[in-house]
Amino acid sequence: MQTELNIESAAAALLFCAIFLLVGKLRPFRRLVRGERSAVSFGAGVATAYVFVHVMPELNSARRAFAESTSLPLRYEGMSIFYVSLMGFLLFYGLDHLRKRLHESSAKERVEKAFIISISGFAAYVGLMSYLLVHNLEDTPRSVALFALAIAVHFLGVDHALREEYGAVYERIGRLVLAAMSLFGWAVGMLVTLPRSVLALMIAFISGAVIMNSSITELPSESKGRFLPFMYGGLAYGLILLPLG
């Protein structure tokens, strides 16, 4: 079974890498929905469903895993795991806020700083996601497949947003960095196994980041979003997740 998990996680990491390298040319979902903006809205719905139906309940699993695996006395019965999730949310919100402030300036140096902040934050984000392909609280082929599918669609939205905002510099540098981090995070996961308590904290932190990035980076805005593709993506993937737990 471990060999099967390793092969599946490697395939998922390659998929993440391919998204950042090729998605601009392939334009996924174009046969399912009309228009690039509709495709992004559909993907946002899938990622949002994953957050509400899978990520939020998983925080309870992370809380139990943290409480069971640490030898430290825990106050509030491990409720601190939710605080770590909040930290992940606030950190990425802060990075997004700082990026926007810098990007609003016409000064070239500030725009370059905004790009560096965005790519640095998302590089760490992609690396952590790829690490979690190898190590998660549920190490089963089904859980890896569900995680990989939802995050792959999530990365489609991230890639689209970064392409729209940074254009040529993202094509030249940014997408290569994120593609490399997809493989680097997986490779670190194959070589390094963190304690279960640390893994639970990592999952809580990244859960908050997923909620933030799904709601701010991907949710279709009133001017650009497409409500029906967004709704279809959310309802369809939510129904897939419901019976699987």
# chains A, B, ... in the order shown; residues from 1 in each chain; ligands from 1
call {"tool": "residues_around", "arguments": {"residues": "segment 121-127 of chain A", "least_positions_apart": "6", "cutoff": "7 Å", "atoms": "only C-alpha atoms", "output": "list in words"}}
result
Val177, Leu178, Met181, Ser182, Phe184 and Gly185 of chain A
call {"tool": "write_last_selection", "arguments": {"atoms": "N, CA and C atoms", "output": "mmCIF file, in the first residue's frame"}}
result
data_model
loop_
_atom_site.group_PDB
_atom_site.id
_atom_site.type_symbol
_atom_site.label_atom_id
_atom_site.label_comp_id
_atom_site.auth_asym_id
_atom_site.auth_seq_id
_atom_site.Cartn_x
_atom_site.Cartn_y
_atom_site.Cartn_z
ATOM 1 N N VAL A 177 9.088 28.999 -10.496
ATOM 2 C CA VAL A 177 9.323 28.843 -9.058
ATOM 3 C C VAL A 177 8.257 27.953 -8.436
ATOM 4 N N LEU A 178 6.995 28.195 -8.766
ATOM 5 C CA LEU A 178 5.904 27.412 -8.183
ATOM 6 C C LEU A 178 5.944 25.968 -8.673
ATOM 7 N N MET A 181 8.628 24.244 -6.708
ATOM 8 C CA MET A 181 8.227 23.991 -5.331
ATOM 9 C C MET A 181 7.255 22.822 -5.221
ATOM 10 N N SER A 182 6.482 22.568 -6.272
ATOM 11 C CA SER A 182 5.597 21.410 -6.284
ATOM 12 C C SER A 182 6.396 20.119 -6.131
ATOM 13 N N PHE A 184 9.695 20.026 -5.130
ATOM 14 C CA PHE A 184 10.557 20.124 -3.953
ATOM 15 C C PHE A 184 9.805 19.707 -2.683
ATOM 16 N N GLY A 185 8.571 20.187 -2.524
ATOM 17 C CA GLY A 185 7.788 19.824 -1.345
ATOM 18 C C GLY A 185 7.549 18.334 -1.261
#
call {"tool": "closest_atom_pairs", "arguments": {"of": "segment 187-210 of chain A", "to": "segment 131-151 of chain A", "cutoff": "7 Å", "atoms": "only C-alpha atoms", "output": "JSON lines"}}
result
{"residue": "A:Val188", "atom": "CA", "partner": "A:Tyr131", "partner_atom": "CA", "distance": 6.6}
{"residue": "A:Gly189", "atom": "CA", "partner": "A:Tyr131", "partner_atom": "CA", "distance": 4.8}
{"residue": "A:Met190", "atom": "CA", "partner": "A:Val134", "partner_atom": "CA", "distance": 6.7}
call {"tool": "closest_residue", "arguments": {"among": "A:Ser130, A:Arg163, A:His97, A:Phe66", "to": "Ala179 of chain A", "atoms": "only C-alpha atoms"}}
result
A:Ser130
call {"tool": "residues_around", "arguments": {"residues": "Ala200 of chain A", "least_positions_apart": "2", "cutoff": "6 Å", "atoms": "only C-alpha atoms", "output": "number ranges by chain"}}
result
A: 62, 66, 197-198, 202-203
call {"tool": "write_last_selection", "arguments": {"atoms": "N, CA and C atoms", "output": "PDB file, in the first residue's frame"}}
result
ATOM      1  N   ALA A  62      -7.370  16.995  13.152  1.00  0.00           N
ATOM      2  CA  ALA A  62      -6.057  17.549  13.500  1.00  0.00           C
ATOM      3  C   ALA A  62      -5.982  17.849  14.990  1.00  0.00           C
ATOM      4  N   PHE A  66      -3.311  16.048  17.395  1.00  0.00           N
ATOM      5  CA  PHE A  66      -2.364  16.854  18.158  1.00  0.00           C
ATOM      6  C   PHE A  66      -2.437  16.510  19.646  1.00  0.00           C
ATOM      7  N   SER A 197       2.399  15.386  15.887  1.00  0.00           N
ATOM      8  CA  SER A 197       1.908  16.626  16.490  1.00  0.00           C
ATOM      9  C   SER A 197       2.238  17.823  15.598  1.00  0.00           C
ATOM     10  N   VAL A 198       3.445  17.840  15.013  1.00  0.00           N
ATOM     11  CA  VAL A 198       3.848  18.923  14.114  1.00  0.00           C
ATOM     12  C   VAL A 198       3.019  18.871  12.832  1.00  0.00           C
ATOM     13  N   MET A 202       0.701  21.725  11.165  1.00  0.00           N
ATOM     14  CA  MET A 202       0.898  22.135   9.777  1.00  0.00           C
ATOM     15  C   MET A 202      -0.415  22.080   9.011  1.00  0.00           C
ATOM     16  N   ILE A 203      -1.181  21.021   9.223  1.00  0.00           N
ATOM     17  CA  ILE A 203      -2.467  20.879   8.543  1.00  0.00           C
ATOM     18  C   ILE A 203      -3.424  21.979   8.983  1.00  0.00           C
TER      19      ILE A 203
END
call {"tool": "atom_distance", "arguments": {"atom1": "atom CA of Ser118 of chain A", "atom2": "atom CA of Val84 of chain A"}}
result
21.4 Å
call {"tool": "select_by_dssp", "arguments": {"residues": "chain A", "states": "alpha helix (DSSP H)", "output": "NGL selection string"}}
result
:A and (2-26 or 36-50 or 56-69 or 80-103 or 108-134 or 141-166 or 168-169 or 175-191 or 196-213 or 227-241)
call {"tool": "atom_distance", "arguments": {"atom1": "atom CA of Leu239 of chain A", "atom2": "atom CA of Ala152 of chain A"}}
result
18.2 Å
call {"tool": "closest_atom_pairs", "arguments": {"of": "segment 116-203 of chain A", "to": "segment 35-57 of chain A", "cutoff": "8 Å", "atoms": "only C-alpha atoms", "output": "CSV"}}
result
residue,atom,partner,partner_atom,distance
A:Ala150,CA,A:Ala47,CA,5.6
A:Ile151,CA,A:Ala47,CA,7.0
A:Val153,CA,A:Gly43,CA,5.4
A:His154,CA,A:Ala47,CA,5.4
A:Leu156,CA,A:Gly43,CA,7.2
A:Gly157,CA,A:Val40,CA,5.7
A:His160,CA,A:Val40,CA,7.5
